[in-house]
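Student: Okay, so here is input.cif, and as you'll see once you scroll down, it has mmCIF, C-alpha atoms and all ligand atoms; chains and numbers go by the auth columns.
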```
data_data
loop_
_atom_site.group_PDB
_atom_site.id
_atom_site.type_symbol
_atom_site.label_atom_id
_atom_site.label_comp_id
_atom_site.label_asym_id
_atom_site.label_seq_id
_atom_site.Cartn_x
_atom_site.Cartn_y
_atom_site.Cartn_z
_atom_site.B_iso_or_equiv
_atom_site.auth_seq_id
_atom_site.auth_asym_id
ATOM 1 C CA MET A 1 5.852 108.908 -160.039 0.00 1 A
ATOM 2 C CA GLY A 2 4.344 105.663 -158.766 0.00 2 A
ATOM 3 C CA ILE A 3 0.932 106.866 -159.937 0.00 3 A
ATOM 4 C CA LYS A 4 2.315 107.534 -163.410 0.00 4 A
ATOM 5 C CA TYR A 5 3.863 104.072 -163.554 0.00 5 A
ATOM 6 C CA SER A 6 0.596 102.476 -162.437 0.00 6 A
ATOM 7 C CA GLU A 7 -1.215 104.438 -165.121 0.00 7 A
ATOM 8 C CA TYR A 8 1.268 103.200 -167.736 0.00 8 A
ATOM 9 C CA ASP A 9 0.678 99.606 -166.669 0.00 9 A
ATOM 10 C CA ARG A 10 -3.096 100.103 -166.700 0.00 10 A
ATOM 11 C CA LEU A 11 -3.034 101.479 -170.234 0.00 11 A
ATOM 12 C CA GLY A 12 -0.446 98.954 -171.418 0.00 12 A
ATOM 13 C CA ALA A 13 -0.317 98.925 -175.209 0.00 13 A
ATOM 14 C CA THR A 14 -1.911 102.369 -175.440 0.00 14 A
ATOM 15 C CA ALA A 15 0.351 104.026 -172.852 0.00 15 A
ATOM 16 C CA SER A 16 1.338 106.564 -175.516 0.00 16 A
ATOM 17 C CA SER A 17 -1.930 108.366 -174.701 0.00 17 A
ATOM 18 C CA LEU A 18 -0.232 109.543 -171.489 0.00 18 A
ATOM 19 C CA GLN A 19 0.902 113.116 -171.695 0.00 19 A
ATOM 20 C CA PRO A 20 4.573 113.481 -170.732 0.00 20 A
ATOM 21 C CA ILE A 21 5.167 115.177 -167.382 0.00 21 A
ATOM 22 C CA ASP A 22 6.230 118.775 -167.758 0.00 22 A
ATOM 23 C CA LEU A 23 9.813 118.414 -166.538 0.00 23 A
ATOM 24 C CA SER A 24 12.573 120.989 -166.515 0.00 24 A
ATOM 25 C CA ASP A 25 15.676 120.235 -168.540 0.00 25 A
ATOM 26 C CA GLU A 26 17.542 119.491 -165.334 0.00 26 A
ATOM 27 C CA GLN A 27 14.891 117.021 -164.212 0.00 27 A
ATOM 28 C CA LYS A 28 14.982 115.289 -167.594 0.00 28 A
ATOM 29 C CA LYS A 29 18.736 114.937 -167.267 0.00 29 A
ATOM 30 C CA VAL A 30 18.303 113.264 -163.891 0.00 30 A
ATOM 31 C CA PHE A 31 16.074 110.550 -165.425 0.00 31 A
ATOM 32 C CA TRP A 32 18.400 110.046 -168.364 0.00 32 A
ATOM 33 C CA ALA A 33 21.338 109.817 -165.971 0.00 33 A
ATOM 34 C CA PHE A 34 19.482 107.146 -163.978 0.00 34 A
ATOM 35 C CA TYR A 35 18.968 105.210 -167.191 0.00 35 A
ATOM 36 C CA SER A 36 22.595 105.662 -168.232 0.00 36 A
ATOM 37 C CA ASN A 37 23.678 104.156 -164.932 0.00 37 A
ATOM 38 C CA LEU A 38 21.309 101.265 -165.520 0.00 38 A
ATOM 39 C CA ASP A 39 22.457 100.926 -169.105 0.00 39 A
ATOM 40 C CA SER A 40 26.129 100.733 -168.204 0.00 40 A
ATOM 41 C CA GLY A 41 25.360 98.082 -165.618 0.00 41 A
ATOM 42 C CA LYS A 42 26.532 99.978 -162.577 0.00 42 A
ATOM 43 C CA ALA A 43 25.262 102.078 -159.693 0.00 43 A
ATOM 44 C CA LEU A 44 21.459 102.202 -159.608 0.00 44 A
ATOM 45 C CA PHE A 45 20.388 98.741 -160.774 0.00 45 A
ATOM 46 C CA PRO A 46 23.606 96.810 -161.335 0.00 46 A
ATOM 47 C CA ASP A 47 21.970 93.558 -162.431 0.00 47 A
ATOM 48 C CA LEU A 48 18.880 94.838 -164.177 0.00 48 A
ATOM 49 C CA ARG A 49 20.316 95.267 -167.636 0.00 49 A
ATOM 50 C CA GLY A 50 21.912 91.837 -167.460 0.00 50 A
ATOM 51 C CA ASP A 51 18.642 90.333 -166.240 0.00 51 A
ATOM 52 C CA LEU A 52 16.660 91.960 -169.052 0.00 52 A
ATOM 53 C CA LEU A 53 19.091 90.692 -171.668 0.00 53 A
ATOM 54 C CA LEU A 54 18.847 87.147 -170.322 0.00 54 A
ATOM 55 C CA ARG A 55 15.841 86.816 -172.588 0.00 55 A
ATOM 56 C CA VAL A 56 17.229 84.997 -175.594 0.00 56 A
ATOM 57 C CA GLU A 57 14.967 86.024 -178.449 0.00 57 A
ATOM 58 C CA CYS A 58 13.787 89.526 -179.197 0.00 58 A
ATOM 59 C CA PRO A 59 10.073 89.799 -178.286 0.00 59 A
ATOM 60 C CA TYR A 60 9.369 92.003 -181.318 0.00 60 A
ATOM 61 C CA CYS A 61 10.573 89.491 -183.923 0.00 61 A
ATOM 62 C CA ASP A 62 10.889 86.217 -181.929 0.00 62 A
ATOM 63 C CA MET A 63 14.004 85.614 -183.958 0.00 63 A
ATOM 64 C CA ASP A 64 17.241 87.507 -183.255 0.00 64 A
ATOM 65 C CA ASP A 65 19.216 87.708 -180.026 0.00 65 A
ATOM 66 C CA CYS A 66 18.465 90.441 -177.499 0.00 66 A
ATOM 67 C CA ILE A 67 21.484 92.699 -177.265 0.00 67 A
ATOM 68 C CA GLU A 68 19.872 96.105 -176.668 0.00 68 A
ATOM 69 C CA ILE A 69 17.143 97.647 -174.549 0.00 69 A
ATOM 70 C CA ASP A 70 14.388 99.519 -176.346 0.00 70 A
ATOM 71 C CA HIS A 71 12.252 102.178 -174.706 0.00 71 A
ATOM 72 C CA PHE A 72 8.732 101.367 -175.868 0.00 72 A
ATOM 73 C CA LEU A 73 7.838 104.991 -175.234 0.00 73 A
ATOM 74 C CA PRO A 74 10.940 106.918 -176.338 0.00 74 A
ATOM 75 C CA LYS A 75 12.951 108.298 -173.458 0.00 75 A
ATOM 76 C CA ASN A 76 13.410 111.699 -175.071 0.00 76 A
ATOM 77 C CA ARG A 77 9.668 112.370 -175.042 0.00 77 A
ATOM 78 C CA TRP A 78 8.884 110.484 -171.821 0.00 78 A
ATOM 79 C CA PRO A 79 12.024 110.835 -169.632 0.00 79 A
ATOM 80 C CA GLU A 80 9.961 109.743 -166.632 0.00 80 A
ATOM 81 C CA PHE A 81 9.507 106.265 -168.182 0.00 81 A
ATOM 82 C CA SER A 82 13.173 105.837 -169.076 0.00 82 A
ATOM 83 C CA ILE A 83 13.639 103.643 -165.999 0.00 83 A
ATOM 84 C CA HIS A 84 10.135 102.149 -165.731 0.00 84 A
ATOM 85 C CA LEU A 85 10.470 98.389 -166.115 0.00 85 A
ATOM 86 C CA SER A 86 7.328 98.029 -168.242 0.00 86 A
ATOM 87 C CA ASN A 87 8.846 100.459 -170.726 0.00 87 A
ATOM 88 C CA LEU A 88 12.172 98.639 -171.053 0.00 88 A
ATOM 89 C CA ILE A 89 12.037 96.013 -173.790 0.00 89 A
ATOM 90 C CA PRO A 90 15.017 93.753 -174.438 0.00 90 A
ATOM 91 C CA SER A 91 15.359 93.688 -178.202 0.00 91 A
ATOM 92 C CA CYS A 92 17.594 92.780 -181.113 0.00 92 A
ATOM 93 C CA HIS A 93 19.566 95.470 -182.888 0.00 93 A
ATOM 94 C CA ARG A 94 17.456 95.423 -186.040 0.00 94 A
ATOM 95 C CA CYS A 95 14.083 95.758 -184.310 0.00 95 A
ATOM 96 C CA ASN A 96 15.426 98.500 -182.073 0.00 96 A
ATOM 97 C CA HIS A 97 16.871 100.271 -185.104 0.00 97 A
ATOM 98 C CA PHE A 98 13.725 99.938 -187.241 0.00 98 A
ATOM 99 C CA LYS A 99 11.484 101.042 -184.383 0.00 99 A
ATOM 100 C CA SER A 100 13.677 104.001 -183.526 0.00 100 A
ATOM 101 C CA ALA A 101 11.804 106.717 -181.593 0.00 101 A
ATOM 102 C CA ARG A 102 8.398 106.116 -183.194 0.00 102 A
ATOM 103 C CA TYR A 103 5.362 105.864 -180.957 0.00 103 A
ATOM 104 C CA GLY A 104 1.594 105.795 -181.167 0.00 104 A
ATOM 105 C CA LYS A 105 -0.427 108.943 -180.941 0.00 105 A
ATOM 106 C CA ASP A 106 -3.781 109.760 -179.367 0.00 106 A
ATOM 107 C CA GLY A 107 -3.899 106.512 -177.447 0.00 107 A
ATOM 108 C CA THR A 108 -3.646 104.356 -180.553 0.00 108 A
ATOM 109 C CA ALA A 109 -0.767 101.905 -180.319 0.00 109 A
ATOM 110 C CA LEU A 110 1.700 102.064 -183.175 0.00 110 A
ATOM 111 C CA TYR A 111 3.313 98.716 -182.363 0.00 111 A
ATOM 112 C CA LEU A 112 2.455 95.687 -180.258 0.00 112 A
ATOM 113 C CA HIS A 113 3.704 96.151 -176.730 0.00 113 A
ATOM 114 C CA PRO A 114 5.456 92.844 -175.952 0.00 114 A
ATOM 115 C CA TYR A 115 4.364 92.901 -172.306 0.00 115 A
ATOM 116 C CA PHE A 116 0.711 93.811 -172.845 0.00 116 A
ATOM 117 C CA SER A 117 -0.330 92.560 -176.290 0.00 117 A
ATOM 118 C CA ASN A 118 -1.574 89.012 -176.542 0.00 118 A
ATOM 119 C CA PHE A 119 -3.225 87.686 -179.683 0.00 119 A
ATOM 120 C CA ASN A 120 -2.681 84.024 -178.982 0.00 120 A
ATOM 121 C CA HIS A 121 -6.360 83.375 -179.707 0.00 121 A
ATOM 122 C CA SER A 122 -5.970 84.239 -183.375 0.00 122 A
ATOM 123 C CA GLN A 123 -3.328 83.246 -185.902 0.00 123 A
ATOM 124 C CA TYR A 124 -2.685 86.113 -188.298 0.00 124 A
ATOM 125 C CA LEU A 125 0.754 85.080 -189.571 0.00 125 A
ATOM 126 C CA THR A 126 0.800 82.495 -192.373 0.00 126 A
ATOM 127 C CA ALA A 127 3.600 80.708 -194.199 0.00 127 A
ATOM 128 C CA LYS A 128 4.032 78.583 -197.274 0.00 128 A
ATOM 129 C CA CYS A 129 6.891 77.068 -199.214 0.00 129 A
ATOM 130 C CA VAL A 130 7.285 77.122 -202.968 0.00 130 A
ATOM 131 C CA ILE A 131 9.196 74.244 -204.510 0.00 131 A
ATOM 132 C CA GLU A 132 10.484 74.914 -208.020 0.00 132 A
ATOM 133 C CA LYS A 133 10.925 72.203 -210.639 0.00 133 A
ATOM 134 C CA SER A 134 14.664 72.687 -210.181 0.00 134 A
ATOM 135 C CA GLY A 135 14.229 71.617 -206.548 0.00 135 A
ATOM 136 C CA SER A 136 14.993 75.013 -205.048 0.00 136 A
ATOM 137 C CA ILE A 137 12.704 76.011 -202.203 0.00 137 A
ATOM 138 C CA SER A 138 11.659 79.437 -201.027 0.00 138 A
ATOM 139 C CA PHE A 139 9.602 80.335 -197.986 0.00 139 A
ATOM 140 C CA HIS A 140 7.004 83.098 -197.888 0.00 140 A
ATOM 141 C CA PHE A 141 5.165 84.673 -194.984 0.00 141 A
ATOM 142 C CA ASP A 142 2.035 86.806 -195.079 0.00 142 A
ATOM 143 C CA LEU A 143 -0.622 88.326 -192.838 0.00 143 A
ATOM 144 C CA GLU A 144 -4.249 87.209 -192.864 0.00 144 A
ATOM 145 C CA PHE A 145 -6.743 88.549 -190.350 0.00 145 A
ATOM 146 C CA ASP A 146 -10.137 87.322 -189.309 0.00 146 A
ATOM 147 C CA ASN A 147 -12.609 89.434 -187.348 0.00 147 A
ATOM 148 C CA SER A 148 -11.368 88.210 -183.950 0.00 148 A
ATOM 149 C CA ILE A 149 -8.819 91.060 -183.823 0.00 149 A
ATOM 150 C CA ASP A 150 -10.192 94.589 -183.822 0.00 150 A
ATOM 151 C CA GLU A 151 -9.337 97.195 -186.443 0.00 151 A
ATOM 152 C CA ASP A 152 -6.863 99.199 -184.323 0.00 152 A
ATOM 153 C CA ALA A 153 -4.888 96.111 -183.386 0.00 153 A
ATOM 154 C CA THR A 154 -4.921 94.876 -186.993 0.00 154 A
ATOM 155 C CA THR A 155 -3.511 98.207 -188.175 0.00 155 A
ATOM 156 C CA CYS A 156 -0.921 98.118 -185.410 0.00 156 A
ATOM 157 C CA ILE A 157 0.255 94.626 -186.423 0.00 157 A
ATOM 158 C CA LYS A 158 0.443 95.583 -190.116 0.00 158 A
ATOM 159 C CA VAL A 159 2.471 98.715 -189.334 0.00 159 A
ATOM 160 C CA MET A 160 4.818 96.785 -187.107 0.00 160 A
ATOM 161 C CA PHE A 161 5.430 94.108 -189.735 0.00 161 A
ATOM 162 C CA GLU A 162 6.062 96.781 -192.348 0.00 162 A
ATOM 163 C CA HIS A 163 8.407 98.944 -190.258 0.00 163 A
ATOM 164 C CA PHE A 164 10.326 95.980 -188.856 0.00 164 A
ATOM 165 C CA HIS A 165 10.500 94.204 -192.269 0.00 165 A
ATOM 166 C CA LEU A 166 9.322 91.057 -190.540 0.00 166 A
ATOM 167 C CA LEU A 167 7.875 89.147 -193.506 0.00 167 A
ATOM 168 C CA GLU A 168 11.116 89.435 -195.463 0.00 168 A
ATOM 169 C CA ARG A 169 13.272 88.651 -192.453 0.00 169 A
ATOM 170 C CA TYR A 170 11.238 85.526 -191.673 0.00 170 A
ATOM 171 C CA GLY A 171 11.397 84.352 -195.285 0.00 171 A
ATOM 172 C CA LYS A 172 15.169 84.621 -195.339 0.00 172 A
ATOM 173 C CA ARG A 173 15.666 82.996 -191.970 0.00 173 A
ATOM 174 C CA ALA A 174 13.320 80.116 -192.824 0.00 174 A
ATOM 175 C CA ALA A 175 15.651 78.750 -195.510 0.00 175 A
ATOM 176 C CA SER A 176 18.630 78.359 -193.177 0.00 176 A
ATOM 177 C CA HIS A 177 16.371 77.160 -190.374 0.00 177 A
ATOM 178 C CA ILE A 178 14.899 74.330 -192.461 0.00 178 A
ATOM 179 C CA ASN A 179 18.293 73.532 -193.922 0.00 179 A
ATOM 180 C CA ARG A 180 19.532 72.804 -190.414 0.00 180 A
ATOM 181 C CA GLN A 181 16.614 70.376 -189.959 0.00 181 A
ATOM 182 C CA ASN A 182 17.474 68.497 -193.135 0.00 182 A
ATOM 183 C CA ARG A 183 19.359 65.580 -191.624 0.00 183 A
ATOM 184 C CA MET A 184 16.764 64.986 -188.906 0.00 184 A
ATOM 185 C CA LEU A 185 13.932 65.162 -191.440 0.00 185 A
ATOM 186 C CA LYS A 186 15.612 62.464 -193.507 0.00 186 A
ATOM 187 C CA VAL A 187 16.004 60.222 -190.476 0.00 187 A
ATOM 188 C CA VAL A 188 12.357 60.700 -189.554 0.00 188 A
ATOM 189 C CA PHE A 189 11.273 60.054 -193.132 0.00 189 A
ATOM 190 C CA SER A 190 13.323 56.859 -193.373 0.00 190 A
ATOM 191 C CA ASN A 191 11.544 55.569 -190.282 0.00 191 A
ATOM 192 C CA GLY A 192 7.979 56.540 -191.027 0.00 192 A
ATOM 193 C CA GLY A 193 7.598 58.246 -194.382 0.00 193 A
ATOM 194 C CA PHE A 194 5.440 61.262 -195.129 0.00 194 A
ATOM 195 C CA SER A 195 3.175 61.010 -192.100 0.00 195 A
ATOM 196 C CA ALA A 196 6.104 60.743 -189.684 0.00 196 A
ATOM 197 C CA VAL A 197 7.682 63.897 -191.107 0.00 197 A
ATOM 198 C CA SER A 198 4.342 65.687 -190.864 0.00 198 A
ATOM 199 C CA ASP A 199 3.842 64.571 -187.249 0.00 199 A
ATOM 200 C CA TYR A 200 7.396 65.540 -186.346 0.00 200 A
ATOM 201 C CA LEU A 201 7.022 69.040 -187.760 0.00 201 A
ATOM 202 C CA ARG A 202 3.685 69.517 -186.019 0.00 202 A
ATOM 203 C CA PHE A 203 5.185 68.309 -182.725 0.00 203 A
ATOM 204 C CA LEU A 204 7.984 70.877 -183.049 0.00 204 A
ATOM 205 C CA ALA A 205 5.455 73.601 -183.852 0.00 205 A
ATOM 206 C CA ASP A 206 3.261 72.703 -180.865 0.00 206 A
ATOM 207 C CA SER A 207 6.319 72.734 -178.598 0.00 207 A
ATOM 208 C CA ILE A 208 7.152 76.265 -179.693 0.00 208 A
ATOM 209 C CA VAL A 209 3.556 77.487 -179.343 0.00 209 A
ATOM 210 C CA SER A 210 3.449 76.135 -175.793 0.00 210 A
ATOM 211 C CA VAL A 211 6.204 78.537 -174.748 0.00 211 A
ATOM 212 C CA SER A 212 5.600 81.341 -177.264 0.00 212 A
ATOM 213 C CA SER A 213 2.482 82.064 -179.315 0.00 213 A
ATOM 214 C CA VAL A 214 0.494 80.836 -182.299 0.00 214 A
ATOM 215 C CA ASN A 215 2.057 83.699 -184.295 0.00 215 A
ATOM 216 C CA ASN A 216 5.640 82.725 -183.562 0.00 216 A
ATOM 217 C CA TRP A 217 7.194 82.671 -187.058 0.00 217 A
ATOM 218 C CA GLU A 218 8.945 79.357 -186.511 0.00 218 A
ATOM 219 C CA ALA A 219 5.804 77.619 -185.250 0.00 219 A
ATOM 220 C CA VAL A 220 3.801 79.051 -188.154 0.00 220 A
ATOM 221 C CA LEU A 221 6.404 77.798 -190.619 0.00 221 A
ATOM 222 C CA LEU A 222 6.649 74.295 -189.145 0.00 222 A
ATOM 223 C CA ASN A 223 2.870 73.975 -188.963 0.00 223 A
ATOM 224 C CA ALA A 224 2.513 75.024 -192.587 0.00 224 A
ATOM 225 C CA LEU A 225 5.182 72.568 -193.691 0.00 225 A
ATOM 226 C CA SER A 226 3.615 69.740 -191.693 0.00 226 A
ATOM 227 C CA GLY A 227 0.527 70.088 -193.866 0.00 227 A
ATOM 228 C CA ASP A 228 2.468 70.342 -197.114 0.00 228 A
ATOM 229 C CA GLN A 229 2.522 66.898 -198.695 0.00 229 A
ATOM 230 C CA GLU A 230 5.082 67.855 -201.292 0.00 230 A
ATOM 231 C CA PHE A 231 7.487 69.188 -198.678 0.00 231 A
ATOM 232 C CA CYS A 232 7.014 66.201 -196.405 0.00 232 A
ATOM 233 C CA SER A 233 7.650 63.797 -199.276 0.00 233 A
ATOM 234 C CA LEU A 234 11.293 64.709 -198.858 0.00 234 A
ATOM 235 C CA GLU A 235 12.175 64.103 -202.499 0.00 235 A
ATOM 236 C CA HIS A 236 13.079 67.762 -202.813 0.00 236 A
ATOM 237 C CA LEU A 237 15.113 67.658 -199.615 0.00 237 A
ATOM 238 C CA SER A 238 17.454 65.113 -201.121 0.00 238 A
ATOM 239 C CA ALA A 239 17.724 67.157 -204.268 0.00 239 A
ATOM 240 C CA SER A 240 18.140 70.645 -202.895 0.00 240 A
ATOM 241 C CA LEU A 241 19.026 70.722 -199.262 0.00 241 A
ATOM 242 C CA GLY A 242 22.168 68.660 -199.440 0.00 242 A
ATOM 243 C CA LYS A 243 23.424 65.541 -197.842 0.00 243 A
HETATM 244 ZN ZN ZN B . 13.913 91.700 -183.073 0.00 301 B
#
```
Transcribe the structure of this file into structure tokens.
Tutor:
Amino acid sequence: MGIKYSEYDRLGATASSLQPIDLSDEQKKVFWAFYSNLDSGKALFPDLRGDLLLRVECPYCDMDDCIEIDHFLPKNRWPEFSIHLSNLIPSCHRCNHFKSARYGKDGTALYLHPYFSNFNHSQYLTAKCVIEKSGSISFHFDLEFDNSIDEDATTCIKVMFEHFHLLERYGKRAASHINRQNRMLKVVFSNGGFSAVSDYLRFLADSIVSVSSVNNWEAVLLNALSGDQEFCSLEHLSASLGK
């Protein structure tokens, strides 16, 4: 089994090219029972589930709390990986639900594997805000790729964003996220005007990138807003985001 686990880790994001081991029904049940013990936090690895869920934000969306453990390769098809650490992804309920038991075929990854996929060299997520004459603001995310990410990975990212509804989820979350920043933005603006707000937003974005990635939705949003003169003018904040 150690060889299989090493092979999984070598293949990483494309581990779905591994053929499942031909196990008897009884053998499959043994693996699932091991996982059940792990999942209920007792017996085999009493602290492992708790340790996995210590991660605060779901690595699929970088947004919601981790409350479940996803099997990157579904445990029904690959029972032997049901307890392999590299295959256990702490995740939020929605990502786990949207992902379900889907997996890549023929060695082509269907989704980004949080432990093996790293595209920090290329920003493909973009954000912008639209400020209406009425003062209401909406936030919109999109995907834009350059040629620094190959075709398979680009497809994989697009599929993941579609299946996980990430663009819509980010857009909705952005409004409440910025609303919570309103008071601080006003303080910053009163002390240094437009440029201070812009610098502050960029500082926050850089702080997030330093511990996450250039495609973290929050960093992308804050970076986009830092370069938006209309947003940083704060006139609309007074009008629409409250006191
Ligand atoms: Zn998630």
Student: Which one is closest to Ser117 (chain A): A:Phe194, A:His71, A:Asn76, A:Cys156? Count all atoms listed in the file.
Tutor: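 Counting all atoms listed in the file, the residue closest to Ser117 (chain A) is A:Cys156.
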Student: Compile the contact shell of Phe81 (chain A) as JSON, numbers by chain: residues with an atom at most 9 Å away, counting only C-alpha atoms, same-chain residues fewer than 3 positions apart removed.
Tutor: {"A": [4, 5, 8, 31, 71, 73, 74, 75, 78, 84, 85, 86, 87, 88]}
Student: So which residues are near ligand ZN 301 (chain B), meaning at most 6 Å away with all atoms listed in the file counted, given back as a VMD selection string?
Tutor: chain A and resid 58 60 to 61 64 91 to 92 94 to 95
Student: Select, from A:Asn215, A:Ala153, A:Ser138, A:Arg169, the residue with the minimum atom-to-atom distance to Ser122 (chain A), counting all atoms listed in the file.
Tutor: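 The shortest atom-to-atom distance to Ser122 (chain A) comes from A:Asn215.
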Student: Using all atoms listed in the file, list the residues that have an atom at most 9 Å from (17.3, 107.3, -168.9), coordinates as in the file, as a list in words.
Tutor: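 Every residue inside that radius is included here: Lys28, Lys29, Val30, Phe31, Trp32, Ala33, Phe34, Tyr35, Ser36, Asn37, Leu38, Asp39, Lys75, Asn76, Pro79, Glu80, Phe81, Ser82 and Ile83 of chain A.
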Student: Nearest residue to Asn223 (chain A) out of A:Asp22, A:Phe145, A:Cys129, A:Phe72, using all atoms listed in the file?
Tutor: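 Of A:Asp22, A:Phe145, A:Cys129, A:Phe72, the one nearest Asn223 (chain A) is A:Cys129, counting all atoms listed in the file.
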Student: Mind dumping region 79-103 of chain A from that block, keeping C-alpha atoms, as a CSV table (one decimal), in the first residue's frame?
Tutor:
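Written file, part.csv:
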```csv
chain,number,residue,atom,x,y,z
A,79,PRO,CA,-11.2,2.6,-1.1
A,80,GLU,CA,-7.5,2.2,-0.7
A,81,PHE,CA,-7.0,6.1,-0.6
A,82,SER,CA,-9.9,6.6,1.9
A,83,ILE,CA,-7.3,7.0,4.7
A,84,HIS,CA,-4.4,8.4,2.7
A,85,LEU,CA,-3.6,11.8,4.1
A,86,SER,CA,-2.9,13.4,0.7
A,87,ASN,CA,-6.4,12.4,-0.4
A,88,LEU,CA,-8.1,13.9,2.7
A,89,ILE,CA,-9.0,17.5,2.0
A,90,PRO,CA,-10.6,19.6,4.8
A,91,SER,CA,-13.4,21.5,3.1
A,92,CYS,CA,-16.5,23.6,3.6
A,93,HIS,CA,-19.9,22.0,3.2
A,94,ARG,CA,-20.7,23.7,-0.1
A,95,CYS,CA,-17.5,22.8,-1.9
A,96,ASN,CA,-17.8,19.2,-0.7
A,97,HIS,CA,-21.4,19.1,-1.8
A,98,PHE,CA,-20.7,20.6,-5.3
A,99,LYS,CA,-17.7,18.4,-5.8
A,100,SER,CA,-19.5,15.3,-4.8
A,101,ALA,CA,-17.9,12.1,-6.2
A,102,ARG,CA,-16.6,13.6,-9.4
A,103,TYR,CA,-13.1,13.0,-10.4
```
